[in-house]
>>> print(open('work_8.txt').read())   # compact mmCIF, C-alpha atoms
# COMPACT_ATOMS: atom_id res chain seq x y z
CA MET Q 1 0.00 0.00 0.00
CA LEU Q 2 1.39 3.39 -1.01
CA LYS Q 3 0.52 6.05 1.56
CA ILE Q 4 0.85 9.72 0.66
CA GLY Q 5 -0.36 12.07 3.37
CA SER Q 6 -3.83 10.89 4.35
CA LEU Q 7 -4.35 8.95 1.10
CA SER Q 8 -3.65 5.27 0.35
CA PHE Q 9 -3.18 3.58 -2.99
CA GLN Q 10 -2.84 0.00 -4.22
CA SER Q 11 -0.99 1.01 -7.37
CA ARG Q 12 2.56 2.34 -7.29
CA LEU Q 13 2.39 3.75 -10.79
CA LEU Q 14 1.53 7.43 -11.18
CA LEU Q 15 0.70 8.28 -14.76
CA GLY Q 16 1.00 11.54 -16.67
CA THR Q 17 -1.71 12.57 -19.11
CA GLY Q 18 0.28 14.53 -21.71
CA LYS Q 19 1.05 13.84 -25.36
CA TYR Q 20 -1.03 10.74 -26.15
CA PRO Q 21 -1.87 10.06 -29.81
CA SER Q 22 -5.62 10.12 -29.05
CA PHE Q 23 -8.07 10.18 -26.14
CA GLU Q 24 -9.18 6.64 -27.02
CA ILE Q 25 -5.64 5.28 -26.72
CA GLN Q 26 -5.07 7.31 -23.58
CA LYS Q 27 -8.22 5.99 -21.94
CA GLU Q 28 -7.22 2.43 -22.65
CA ALA Q 29 -3.64 3.01 -21.49
CA VAL Q 30 -4.86 4.54 -18.23
CA GLU Q 31 -7.15 1.58 -17.66
CA VAL Q 32 -4.59 -1.18 -18.26
CA SER Q 33 -1.95 0.69 -16.23
CA GLU Q 34 -4.25 0.28 -13.19
CA THR Q 35 -2.96 3.61 -11.96
CA GLU Q 36 -4.94 5.46 -9.31
CA ILE Q 37 -3.14 8.79 -9.61
CA LEU Q 38 -3.17 10.91 -12.76
CA THR Q 39 -1.19 14.09 -13.23
CA PHE Q 40 -2.50 17.14 -15.04
CA ALA Q 41 -1.25 20.61 -15.92
CA VAL Q 42 -3.19 23.81 -15.21
CA ARG Q 43 -3.60 26.12 -18.19
CA ARG Q 44 -5.68 28.98 -19.52
CA MET Q 45 -8.85 27.77 -21.14
CA ASN Q 46 -9.16 28.37 -24.84
CA ILE Q 47 -12.57 29.97 -24.34
CA PHE Q 48 -13.01 30.88 -27.96
CA GLU Q 49 -12.85 27.18 -28.82
CA ALA Q 50 -14.32 25.81 -25.61
CA SER Q 51 -16.04 22.93 -27.38
CA GLN Q 52 -12.68 21.17 -27.76
CA PRO Q 53 -12.71 17.89 -25.85
CA ASN Q 54 -10.77 17.60 -22.64
CA PHE Q 55 -9.46 14.33 -21.24
CA LEU Q 56 -10.59 15.11 -17.72
CA GLU Q 57 -14.22 15.27 -18.89
CA GLN Q 58 -13.96 11.71 -20.10
CA LEU Q 59 -12.70 10.40 -16.79
CA ASP Q 60 -14.62 9.08 -13.84
CA THR Q 61 -13.00 11.46 -11.35
CA ASN Q 62 -14.26 9.35 -8.43
CA LYS Q 63 -12.01 6.55 -9.62
CA TYR Q 64 -8.81 8.54 -9.76
CA THR Q 65 -6.90 10.93 -7.54
CA LEU Q 66 -5.84 13.98 -9.50
CA LEU Q 67 -2.31 15.23 -9.08
CA PRO Q 68 -2.10 18.61 -10.78
CA ASN Q 69 1.39 19.95 -11.38
CA THR Q 70 2.74 23.48 -11.27
CA ALA Q 71 4.52 23.08 -14.61
CA GLY Q 72 5.13 26.45 -16.21
CA ALA Q 73 6.17 28.01 -12.89
CA LYS Q 74 9.65 29.48 -12.65
CA THR Q 75 9.30 30.89 -9.16
CA ALA Q 76 7.82 29.71 -5.87
CA ALA Q 77 5.15 32.42 -6.09
CA GLU Q 78 4.01 31.18 -9.51
CA ALA Q 79 3.91 27.60 -8.28
CA VAL Q 80 1.82 28.57 -5.25
CA ARG Q 81 -0.64 30.44 -7.49
CA ILE Q 82 -1.03 27.45 -9.84
CA ALA Q 83 -1.50 25.13 -6.85
CA LYS Q 84 -4.25 27.35 -5.46
CA LEU Q 85 -5.96 27.54 -8.85
CA ALA Q 86 -5.91 23.73 -9.03
CA LYS Q 87 -7.32 23.35 -5.53
CA ALA Q 88 -10.12 25.83 -6.25
CA SER Q 89 -11.53 23.28 -8.71
CA GLY Q 90 -12.61 21.34 -5.64
CA LEU Q 91 -11.27 18.17 -7.23
CA CYS Q 92 -7.94 17.73 -5.46
CA ASP Q 93 -5.76 18.52 -2.44
CA MET Q 94 -2.55 17.10 -3.85
CA ILE Q 95 -0.03 19.12 -5.79
CA LYS Q 96 3.12 18.21 -7.67
CA VAL Q 97 5.48 21.12 -7.15
CA GLU Q 98 7.41 21.63 -10.37
CA VAL Q 99 9.50 24.77 -10.62
CA ILE Q 100 11.80 24.61 -13.61
CA GLY Q 101 15.12 26.43 -13.40
CA CYS Q 102 16.62 25.61 -16.78
CA ASP Q 103 14.77 25.54 -20.10
CA GLN Q 104 17.11 23.17 -21.85
CA THR Q 105 17.44 20.46 -19.22
CA LEU Q 106 14.09 21.16 -17.49
CA LEU Q 107 15.87 20.56 -14.21
CA PRO Q 108 14.10 22.00 -11.17
CA ASP Q 109 15.13 25.18 -9.39
CA PRO Q 110 16.03 23.75 -5.97
CA ILE Q 111 15.63 26.99 -4.00
CA GLU Q 112 12.26 27.95 -5.46
CA THR Q 113 11.06 24.32 -5.17
CA LEU Q 114 11.88 24.33 -1.46
CA LYS Q 115 10.20 27.73 -0.93
CA ALA Q 116 7.04 26.62 -2.75
CA THR Q 117 6.98 23.37 -0.77
CA GLU Q 118 7.23 25.23 2.55
CA GLU Q 119 4.41 27.56 1.64
CA LEU Q 120 2.07 24.90 0.24
CA VAL Q 121 2.56 22.66 3.28
CA LYS Q 122 1.53 25.63 5.44
CA GLU Q 123 -1.54 26.11 3.22
CA GLY Q 124 -2.60 22.52 3.91
CA PHE Q 125 -1.84 20.92 0.56
CA ILE Q 126 -0.57 17.37 0.15
CA VAL Q 127 2.74 18.32 -1.40
CA LEU Q 128 4.86 16.19 -3.74
CA PRO Q 129 7.85 18.16 -5.00
CA TYR Q 130 9.63 17.15 -8.17
CA THR Q 131 13.31 17.49 -7.33
CA SER Q 132 16.73 16.66 -8.71
CA ASP Q 133 18.45 13.62 -7.24
CA ASP Q 134 20.18 15.80 -4.62
CA VAL Q 135 20.24 13.98 -1.29
CA VAL Q 136 20.48 17.06 0.93
CA LEU Q 137 17.70 18.84 -0.93
CA ALA Q 138 15.45 15.78 -0.56
CA ARG Q 139 16.08 15.88 3.19
CA LYS Q 140 15.28 19.60 3.37
CA LEU Q 141 12.05 19.05 1.46
CA GLN Q 142 11.12 16.41 4.01
CA GLU Q 143 11.95 18.77 6.85
CA ALA Q 144 9.68 21.32 5.19
CA GLY Q 145 6.88 18.80 5.61
CA CYS Q 146 6.38 17.47 2.08
CA HIS Q 147 4.34 14.27 1.82
CA ALA Q 148 6.52 12.52 -0.77
CA VAL Q 149 9.74 13.42 -2.56
CA MET Q 150 9.95 12.90 -6.29
CA PRO Q 151 13.53 12.83 -7.53
CA GLY Q 152 14.08 12.68 -11.27
CA ALA Q 153 15.78 9.65 -12.77
CA SER Q 154 17.10 11.77 -15.67
CA PRO Q 155 15.83 14.86 -17.56
CA ILE Q 156 12.05 15.03 -18.17
CA GLY Q 157 10.96 13.21 -21.29
CA SER Q 158 14.53 12.11 -22.10
CA GLY Q 159 13.99 8.39 -21.57
CA GLN Q 160 17.58 8.07 -20.35
CA GLY Q 161 16.51 5.99 -17.37
CA ILE Q 162 18.21 6.12 -13.99
CA ILE Q 163 21.52 7.87 -14.51
CA ASN Q 164 22.49 8.06 -10.85
CA PRO Q 165 21.21 5.01 -8.99
CA VAL Q 166 23.61 5.69 -6.12
CA ASN Q 167 22.12 9.11 -5.36
CA LEU Q 168 18.61 7.70 -5.67
CA SER Q 169 19.38 4.95 -3.20
CA PHE Q 170 20.86 7.51 -0.76
CA ILE Q 171 17.61 9.49 -0.99
CA ILE Q 172 15.55 6.34 -0.46
CA GLU Q 173 17.65 5.22 2.52
CA GLN Q 174 17.13 8.40 4.46
CA ALA Q 175 13.55 9.07 3.40
CA VAL Q 176 10.82 9.31 6.02
CA VAL Q 177 8.15 9.95 3.36
CA PRO Q 178 7.51 7.95 0.15
CA VAL Q 179 10.05 8.39 -2.64
CA ILE Q 180 8.51 8.46 -6.10
CA VAL Q 181 10.93 8.40 -8.99
CA ASP Q 182 9.66 10.99 -11.42
CA ALA Q 183 10.92 11.85 -14.91
CA GLY Q 184 13.35 10.26 -17.30
CA ILE Q 185 12.04 6.68 -17.21
CA GLY Q 186 12.33 5.16 -20.69
CA SER Q 187 11.67 1.44 -20.44
CA PRO Q 188 10.07 -1.11 -18.11
CA ALA Q 189 13.59 -2.09 -17.00
CA ASP Q 190 14.14 1.48 -15.74
CA ALA Q 191 10.88 1.40 -13.79
CA ALA Q 192 11.71 -2.00 -12.31
CA LEU Q 193 15.16 -0.78 -11.30
CA ALA Q 194 13.66 2.24 -9.54
CA MET Q 195 11.47 -0.10 -7.51
CA GLU Q 196 14.34 -2.54 -6.85
CA LEU Q 197 16.32 0.37 -5.44
CA GLY Q 198 13.52 0.71 -2.90
CA ALA Q 199 11.44 3.51 -4.40
CA ASP Q 200 7.80 3.58 -3.28
CA GLY Q 201 6.47 4.46 -6.70
CA VAL Q 202 7.23 5.69 -10.19
CA LEU Q 203 5.70 8.64 -12.04
CA LEU Q 204 6.02 8.52 -15.80
CA ASN Q 205 4.36 9.97 -18.85
CA THR Q 206 6.35 10.07 -22.11
CA ALA Q 207 7.60 6.49 -21.71
CA VAL Q 208 3.98 5.38 -22.17
CA SER Q 209 2.38 8.16 -24.20
CA ALA Q 210 5.12 8.25 -26.85
CA ALA Q 211 5.69 4.48 -27.04
CA LYS Q 212 4.86 2.82 -30.35
CA ASP Q 213 1.99 1.05 -28.57
CA PRO Q 214 1.06 3.12 -25.49
CA VAL Q 215 -1.52 0.61 -24.24
CA LYS Q 216 0.93 -2.28 -24.31
CA MET Q 217 3.60 -0.11 -22.69
CA ALA Q 218 1.19 0.93 -19.95
CA LYS Q 219 0.70 -2.74 -19.11
CA ALA Q 220 4.45 -3.39 -19.30
CA MET Q 221 5.10 -0.54 -16.86
CA ARG Q 222 2.48 -1.84 -14.45
CA LEU Q 223 4.05 -5.29 -14.46
CA ALA Q 224 7.60 -3.91 -14.21
CA ILE Q 225 6.74 -1.78 -11.21
CA GLU Q 226 5.03 -4.70 -9.51
CA ALA Q 227 7.97 -7.00 -10.33
CA GLY Q 228 10.52 -4.46 -9.10
CA TRP Q 229 8.60 -3.92 -5.88
CA LEU Q 230 8.23 -7.65 -5.21
CA GLY Q 231 11.91 -8.14 -5.99
CA TYR Q 232 12.87 -5.41 -3.55
CA GLU Q 233 10.71 -6.91 -0.82
CA ALA Q 234 12.00 -10.41 -1.53
CA GLY Q 235 15.61 -9.18 -1.15
CA ARG Q 236 18.04 -9.89 -3.94
CA ILE Q 237 21.18 -12.01 -3.52
CA GLU Q 238 24.62 -10.50 -3.10
CA LYS Q 239 26.69 -10.24 -6.27
CA LYS Q 240 29.75 -12.57 -6.30
CA ARG Q 241 32.73 -12.52 -8.60
CA TYR Q 242 32.82 -16.28 -9.19
CA ALA Q 243 30.25 -18.96 -9.86
CA THR Q 244 28.41 -20.88 -7.16
CA ALA Q 245 26.90 -24.16 -8.32
CA SER Q 246 23.15 -24.50 -7.96
CA SER Q 247 23.25 -28.29 -8.15
CA PRO Q 248 24.71 -30.36 -5.27
CA LYS Q 249 28.21 -31.82 -5.52
CA GLU Q 250 27.29 -34.92 -3.49
CA GLY Q 251 26.44 -38.08 -5.43
CA MET Q 252 28.06 -36.90 -8.63
CA SER Q 253 30.05 -40.08 -9.39
CA ILE Q 254 27.17 -42.35 -10.22
CA GLY Q 255 29.34 -44.99 -11.96
CA MET D 1 -18.67 46.29 -20.06
CA GLU D 2 -15.09 45.79 -21.10
CA VAL D 3 -12.94 43.15 -19.43
CA VAL D 4 -9.64 41.41 -20.07
CA LEU D 5 -10.45 37.73 -20.41
CA ASN D 6 -7.50 35.35 -20.57
CA GLY D 7 -5.31 38.19 -21.77
CA GLU D 8 -7.71 39.49 -24.43
CA LEU D 9 -9.66 42.71 -24.20
CA ILE D 10 -13.30 41.89 -24.91
CA GLN D 11 -16.69 43.51 -24.74
CA LEU D 12 -19.30 41.64 -22.70
CA PRO D 13 -23.02 41.92 -23.49
CA ALA D 14 -25.16 43.80 -20.96
CA HIS D 15 -26.83 40.70 -19.49
CA VAL D 16 -23.47 39.32 -18.35
CA GLU D 17 -23.23 40.65 -14.82
CA PHE D 18 -21.91 37.84 -12.67
CA VAL D 19 -19.03 35.38 -13.06
CA SER D 20 -21.54 32.58 -13.59
CA ASP D 21 -22.95 34.60 -16.54
CA VAL D 22 -19.52 34.72 -18.19
CA LEU D 23 -19.22 30.94 -17.88
CA LYS D 24 -22.66 30.49 -19.46
CA HIS D 25 -21.88 33.06 -22.16
CA PHE D 26 -18.82 31.07 -23.23
CA LYS D 27 -20.62 27.74 -22.70
CA VAL D 28 -18.14 26.45 -20.13
CA HIS D 29 -20.50 26.47 -17.12
CA ASP D 30 -20.76 22.66 -17.08
CA LYS D 31 -16.99 22.13 -17.33
CA VAL D 32 -14.28 22.02 -14.71
CA VAL D 33 -13.17 25.65 -14.70
CA VAL D 34 -11.42 27.79 -12.14
CA VAL D 35 -11.89 31.56 -12.15
CA GLU D 36 -9.46 34.21 -11.00
CA ILE D 37 -10.47 37.87 -10.96
CA ASN D 38 -7.84 40.56 -10.54
CA GLY D 39 -5.56 37.99 -8.92
CA GLU D 40 -8.24 36.64 -6.54
CA ILE D 41 -9.09 32.97 -6.96
CA LEU D 42 -12.79 32.17 -6.57
CA SER D 43 -14.28 29.04 -5.11
CA THR D 44 -17.02 27.41 -7.18
CA ILE D 45 -19.79 28.76 -4.95
CA GLU D 46 -18.51 32.31 -5.43
CA HIS D 47 -19.21 32.17 -9.19
CA GLN D 48 -22.88 32.97 -8.59
CA SER D 49 -22.31 35.81 -6.17
CA THR D 50 -19.35 37.63 -7.71
CA ARG D 51 -20.40 40.66 -9.71
CA LEU D 52 -18.12 41.83 -12.51
CA SER D 53 -16.82 45.37 -12.90
CA ASP D 54 -15.55 47.24 -15.90
CA LYS D 55 -11.87 46.53 -16.68
CA ASP D 56 -11.77 43.37 -14.54
CA ARG D 57 -8.97 40.97 -15.41
CA ILE D 58 -10.54 37.53 -15.59
CA GLU D 59 -8.63 34.29 -15.95
CA LEU D 60 -10.43 31.04 -16.74
CA VAL D 61 -8.19 28.02 -16.27
CA HIS D 62 -8.69 24.29 -16.48
CA PHE D 63 -6.79 21.00 -16.37
CA VAL D 64 -5.00 19.80 -19.47
CA GLY D 65 -2.81 16.79 -20.14
CA GLY D 66 0.57 17.00 -18.43
CA GLY D 67 3.17 14.95 -16.58
>>> encode(input="work_8.txt", output="structure tokens")
Amino acid sequence: MLKIGSLSFQSRLLLGTGKYPSFEIQKEAVEVSETEILTFAVRRMNIFEASQPNFLEQLDTNKYTLLPNTAGAKTAAEAVRIAKLAKASGLCDMIKVEVIGCDQTLLPDPIETLKATEELVKEGFIVLPYTSDDVVLARKLQEAGCHAVMPGASPIGSGQGIINPVNLSFIIEQAVVPVIVDAGIGSPADAALAMELGADGVLLNTAVSAAKDPVKMAKAMRLAIEAGWLGYEAGRIEKKRYATASSPKEGMSIG
Amino acid sequence: MEVVLNGELIQLPAHVEFVSDVLKHFKVHDKVVVVEINGEILSTIEHQSTRLSDKDRIELVHFVGGG
């Protein structure tokens, strides 16, 4: 069971809702992923073309917990405003703090992320900051009262997978709140590795939405996350330099 | 009255007096929409009771796909 603040979830996969080829494919992918948490962005409505369909309208919002993000914010103040706009919908108390500090790498601004987290915790939000894989920053976000930390595996949408498993495992080891690996996941192997490192969940979007077959990839990610989690709980063997026979040596000379 | 709606200066017809009227006027009253007026975010119940003034800056935002 994944517990974030006062909420509990069976699924450890958090799914983004951007960039799918069609709503039909997206709907199916969301269903087979068995996710319970969907992320969204908050944007100005195109009121002059308001008849355009919106994915949220096609969802049973009782079935999913919405995790709006503050994407687009470059300062803590902007992130707080977006979070408050999202909450005013009456549909969610959770917020993914995302304050980007670099347009090319889309890496988060650590100082503004921390400031936004502090303020939103005070405002009573369930706060999940997207952060770099900085161990000290993750600790400070926890001290600020965040409800989960979400270190990136590699740059957003890059599909490079986990480029610093050591840092991620340091964050996981000292975490007192769930650690959700967010951003950069490319393949099911990456997602499984995140879970094997001891992460509590994985948030991904492009790896599914831009896959050749998003529905099949959504299923693959679900299975990988479950496999990685089970593997972590089961406890893997130590690595050894040389072979150890699996079959007994006794009774070998039959003749 | 003249207002700035999502960054665009527009003229509203005379019968549009309250925030809820704007939502109906643009046919978004049955959608998930959050309203901000002059930097103040409104709760859903305030849509009915908030009267518009000339030159108000209105933002209508919603949820879109994102990661």
>>> residues_around(input="work_8.txt", residues="D:Met1", least_positions_apart="2", cutoff="10 Å", atoms="all atoms listed in the file", output="NGL selection string")
:D and (3 or 10-17 or 52-56)
>>> write_last_selection(input="work_8.txt", atoms="C-alpha atoms", output="short mmCIF file (atom, residue, chain, number, x, y, z; two decimals), keeping the file's coordinate frame")
data_model
loop_
_atom_site.label_atom_id
_atom_site.label_comp_id
_atom_site.auth_asym_id
_atom_site.auth_seq_id
_atom_site.Cartn_x
_atom_site.Cartn_y
_atom_site.Cartn_z
CA VAL D 3 -12.94 43.15 -19.43
CA ILE D 10 -13.30 41.89 -24.91
CA GLN D 11 -16.69 43.51 -24.74
CA LEU D 12 -19.30 41.64 -22.70
CA PRO D 13 -23.02 41.92 -23.49
CA ALA D 14 -25.16 43.80 -20.96
CA HIS D 15 -26.83 40.70 -19.49
CA VAL D 16 -23.47 39.32 -18.35
CA GLU D 17 -23.23 40.65 -14.82
CA LEU D 52 -18.12 41.83 -12.51
CA SER D 53 -16.82 45.37 -12.90
CA ASP D 54 -15.55 47.24 -15.90
CA LYS D 55 -11.87 46.53 -16.68
CA ASP D 56 -11.77 43.37 -14.54
#
>>> interface_residues(input="work_8.txt", of="chain Q", to="chain D", cutoff="9 Å", atoms="all atoms listed in the file", output="mmCIF file with C-alpha atoms, in the coordinates of the input")
data_model
loop_
_atom_site.group_PDB
_atom_site.id
_atom_site.type_symbol
_atom_site.label_atom_id
_atom_site.label_comp_id
_atom_site.auth_asym_id
_atom_site.auth_seq_id
_atom_site.Cartn_x
_atom_site.Cartn_y
_atom_site.Cartn_z
ATOM 1 C CA LEU Q 15 0.700 8.280 -14.760
ATOM 2 C CA GLY Q 16 1.000 11.540 -16.670
ATOM 3 C CA THR Q 17 -1.710 12.570 -19.110
ATOM 4 C CA GLY Q 18 0.280 14.530 -21.710
ATOM 5 C CA LYS Q 19 1.050 13.840 -25.360
ATOM 6 C CA TYR Q 20 -1.030 10.740 -26.150
ATOM 7 C CA LEU Q 38 -3.170 10.910 -12.760
ATOM 8 C CA THR Q 39 -1.190 14.090 -13.230
ATOM 9 C CA PHE Q 40 -2.500 17.140 -15.040
ATOM 10 C CA ALA Q 41 -1.250 20.610 -15.920
ATOM 11 C CA VAL Q 42 -3.190 23.810 -15.210
ATOM 12 C CA ARG Q 43 -3.600 26.120 -18.190
ATOM 13 C CA ARG Q 44 -5.680 28.980 -19.520
ATOM 14 C CA MET Q 45 -8.850 27.770 -21.140
ATOM 15 C CA ASN Q 46 -9.160 28.370 -24.840
ATOM 16 C CA ILE Q 47 -12.570 29.970 -24.340
ATOM 17 C CA PHE Q 48 -13.010 30.880 -27.960
ATOM 18 C CA ALA Q 50 -14.320 25.810 -25.610
ATOM 19 C CA SER Q 51 -16.040 22.930 -27.380
ATOM 20 C CA ASN Q 54 -10.770 17.600 -22.640
ATOM 21 C CA PHE Q 55 -9.460 14.330 -21.240
ATOM 22 C CA LEU Q 56 -10.590 15.110 -17.720
ATOM 23 C CA GLU Q 57 -14.220 15.270 -18.890
ATOM 24 C CA PRO Q 68 -2.100 18.610 -10.780
ATOM 25 C CA ASN Q 69 1.390 19.950 -11.380
ATOM 26 C CA ALA Q 71 4.520 23.080 -14.610
ATOM 27 C CA ARG Q 81 -0.640 30.440 -7.490
ATOM 28 C CA LYS Q 84 -4.250 27.350 -5.460
ATOM 29 C CA LEU Q 85 -5.960 27.540 -8.850
ATOM 30 C CA ALA Q 86 -5.910 23.730 -9.030
ATOM 31 C CA LYS Q 87 -7.320 23.350 -5.530
ATOM 32 C CA ALA Q 88 -10.120 25.830 -6.250
ATOM 33 C CA SER Q 89 -11.530 23.280 -8.710
ATOM 34 C CA GLY Q 90 -12.610 21.340 -5.640
ATOM 35 C CA LEU Q 91 -11.270 18.170 -7.230
ATOM 36 C CA ALA Q 183 10.920 11.850 -14.910
ATOM 37 C CA LEU Q 203 5.700 8.640 -12.040
ATOM 38 C CA LEU Q 204 6.020 8.520 -15.800
ATOM 39 C CA ASN Q 205 4.360 9.970 -18.850
ATOM 40 C CA THR Q 206 6.350 10.070 -22.110
#
>>> atom_distance(input="work_8.txt", atom1="atom CA of Q:Glu24", atom2="atom CA of Q:Lys219")
15.8 Å
>>> atom_distance(input="work_8.txt", atom1="atom CA of Q:Gln52", atom2="atom CA of Q:Phe23")
12.0 Å
>>> atom_distance(input="work_8.txt", atom1="atom CA of Q:Ile25", atom2="atom CA of Q:Val215")
6.7 Å
>>> closest_residue(input="work_8.txt", among="D:Leu9, D:His25, D:Ile58, D:Val19", to="D:Ile45", atoms="all atoms listed in the file")
D:Val19
>>> closest_residue(input="work_8.txt", among="D:Lys24, D:Phe18, D:Asp30, D:Glu8", to="D:Arg57", atoms="all atoms listed in the file")
D:Glu8
>>> closest_residue(input="work_8.txt", among="Q:Asn167, Q:Ser8, Q:Ser246, Q:Gln58", to="Q:Val136", atoms="only C-alpha atoms")
Q:Asn167
>>> closest_residue(input="work_8.txt", among="Q:Val127, Q:Val181, Q:Ala116, Q:Leu14", to="Q:Thr75", atoms="only C-alpha atoms")
Q:Ala116
>>> closest_residue(input="work_8.txt", among="Q:Ala144, Q:Val99, Q:Val177, Q:Leu106", to="Q:Gly5", atoms="all atoms listed in the file")
Q:Val177
>>> residues_near_point(input="work_8.txt", point="(5.2, 12.6, 0.4)", cutoff="6 Å", atoms="only C-alpha atoms", output="ChimeraX atom specification")
/Q:4,128,146-149,177-178
>>> residues_around(input="work_8.txt", residues="Q:Gly101", least_positions_apart="2", cutoff="9 Å", atoms="only C-alpha atoms", output="PDB file with C-alpha atoms, in the frame of the given file")
ATOM      1  CA  LYS Q  74       9.650  29.480 -12.650  1.00  0.00           C
ATOM      2  CA  THR Q  75       9.300  30.890  -9.160  1.00  0.00           C
ATOM      3  CA  VAL Q  99       9.500  24.770 -10.620  1.00  0.00           C
ATOM      4  CA  ASP Q 103      14.770  25.540 -20.100  1.00  0.00           C
ATOM      5  CA  THR Q 105      17.440  20.460 -19.220  1.00  0.00           C
ATOM      6  CA  LEU Q 106      14.090  21.160 -17.490  1.00  0.00           C
ATOM      7  CA  LEU Q 107      15.870  20.560 -14.210  1.00  0.00           C
ATOM      8  CA  PRO Q 108      14.100  22.000 -11.170  1.00  0.00           C
ATOM      9  CA  ASP Q 109      15.130  25.180  -9.390  1.00  0.00           C
ATOM     10  CA  PRO Q 110      16.030  23.750  -5.970  1.00  0.00           C
ATOM     11  CA  GLU Q 112      12.260  27.950  -5.460  1.00  0.00           C
TER      12      GLU Q 112
END
>>> residues_around(input="work_8.txt", residues="D:Ser20", least_positions_apart="6", cutoff="9 Å", atoms="only C-alpha atoms", output="PyMOL selection string")
chain D and resi 29+46-50
>>> closest_residue(input="work_8.txt", among="Q:Ala175, Q:Ala189, Q:Ala77, Q:Leu137", to="Q:Gln160", atoms="only C-alpha atoms")
Q:Ala189
>>> residues_around(input="work_8.txt", residues="Q:Lys216", least_positions_apart="5", cutoff="9 Å", atoms="all atoms listed in the file", output="ChimeraX atom specification")
/Q:29,32,208,211,221
>>> decode(input="work_8.txt", residues="stretch 109-120 of chain Q", atoms="N, CA, C and O atoms", output="mmCIF file, in the first residue's frame")
data_model
loop_
_atom_site.group_PDB
_atom_site.id
_atom_site.type_symbol
_atom_site.label_atom_id
_atom_site.label_comp_id
_atom_site.auth_asym_id
_atom_site.auth_seq_id
_atom_site.Cartn_x
_atom_site.Cartn_y
_atom_site.Cartn_z
ATOM 1 N N ASP Q 109 14.422 24.172 -10.168
ATOM 2 C CA ASP Q 109 15.130 25.184 -9.387
ATOM 3 C C ASP Q 109 15.012 24.761 -7.925
ATOM 4 O O ASP Q 109 13.930 24.794 -7.346
ATOM 5 N N PRO Q 110 16.122 24.338 -7.321
ATOM 6 C CA PRO Q 110 16.030 23.754 -5.970
ATOM 7 C C PRO Q 110 15.538 24.745 -4.922
ATOM 8 O O PRO Q 110 14.760 24.381 -4.034
ATOM 9 N N ILE Q 111 15.966 26.005 -5.047
ATOM 10 C CA ILE Q 111 15.632 26.989 -4.005
ATOM 11 C C ILE Q 111 14.151 27.354 -4.077
ATOM 12 O O ILE Q 111 13.444 27.372 -3.074
ATOM 13 N N GLU Q 112 13.681 27.590 -5.297
ATOM 14 C CA GLU Q 112 12.260 27.947 -5.462
ATOM 15 C C GLU Q 112 11.361 26.743 -5.143
ATOM 16 O O GLU Q 112 10.255 26.898 -4.617
ATOM 17 N N THR Q 113 11.826 25.543 -5.472
ATOM 18 C CA THR Q 113 11.060 24.323 -5.165
ATOM 19 C C THR Q 113 10.874 24.187 -3.656
ATOM 20 O O THR Q 113 9.769 23.889 -3.176
ATOM 21 N N LEU Q 114 11.949 24.432 -2.921
ATOM 22 C CA LEU Q 114 11.881 24.333 -1.456
ATOM 23 C C LEU Q 114 10.941 25.400 -0.887
ATOM 24 O O LEU Q 114 10.092 25.100 -0.038
ATOM 25 N N LYS Q 115 11.063 26.630 -1.405
ATOM 26 C CA LYS Q 115 10.202 27.733 -0.927
ATOM 27 C C LYS Q 115 8.723 27.409 -1.191
ATOM 28 O O LYS Q 115 7.878 27.606 -0.323
ATOM 29 N N ALA Q 116 8.436 26.942 -2.384
ATOM 30 C CA ALA Q 116 7.042 26.621 -2.748
ATOM 31 C C ALA Q 116 6.523 25.496 -1.865
ATOM 32 O O ALA Q 116 5.378 25.522 -1.402
ATOM 33 N N THR Q 117 7.372 24.501 -1.619
ATOM 34 C CA THR Q 117 6.975 23.372 -0.772
ATOM 35 C C THR Q 117 6.618 23.854 0.630
ATOM 36 O O THR Q 117 5.571 23.486 1.182
ATOM 37 N N GLU Q 118 7.486 24.702 1.197
ATOM 38 C CA GLU Q 118 7.232 25.228 2.553
ATOM 39 C C GLU Q 118 5.880 25.930 2.613
ATOM 40 O O GLU Q 118 5.079 25.682 3.513
ATOM 41 N N GLU Q 119 5.645 26.771 1.622
ATOM 42 C CA GLU Q 119 4.414 27.565 1.641
ATOM 43 C C GLU Q 119 3.168 26.682 1.451
ATOM 44 O O GLU Q 119 2.164 26.852 2.145
ATOM 45 N N LEU Q 120 3.259 25.729 0.526
ATOM 46 C CA LEU Q 120 2.073 24.900 0.239
ATOM 47 C C LEU Q 120 1.768 23.937 1.385
ATOM 48 O O LEU Q 120 0.608 23.623 1.635
#
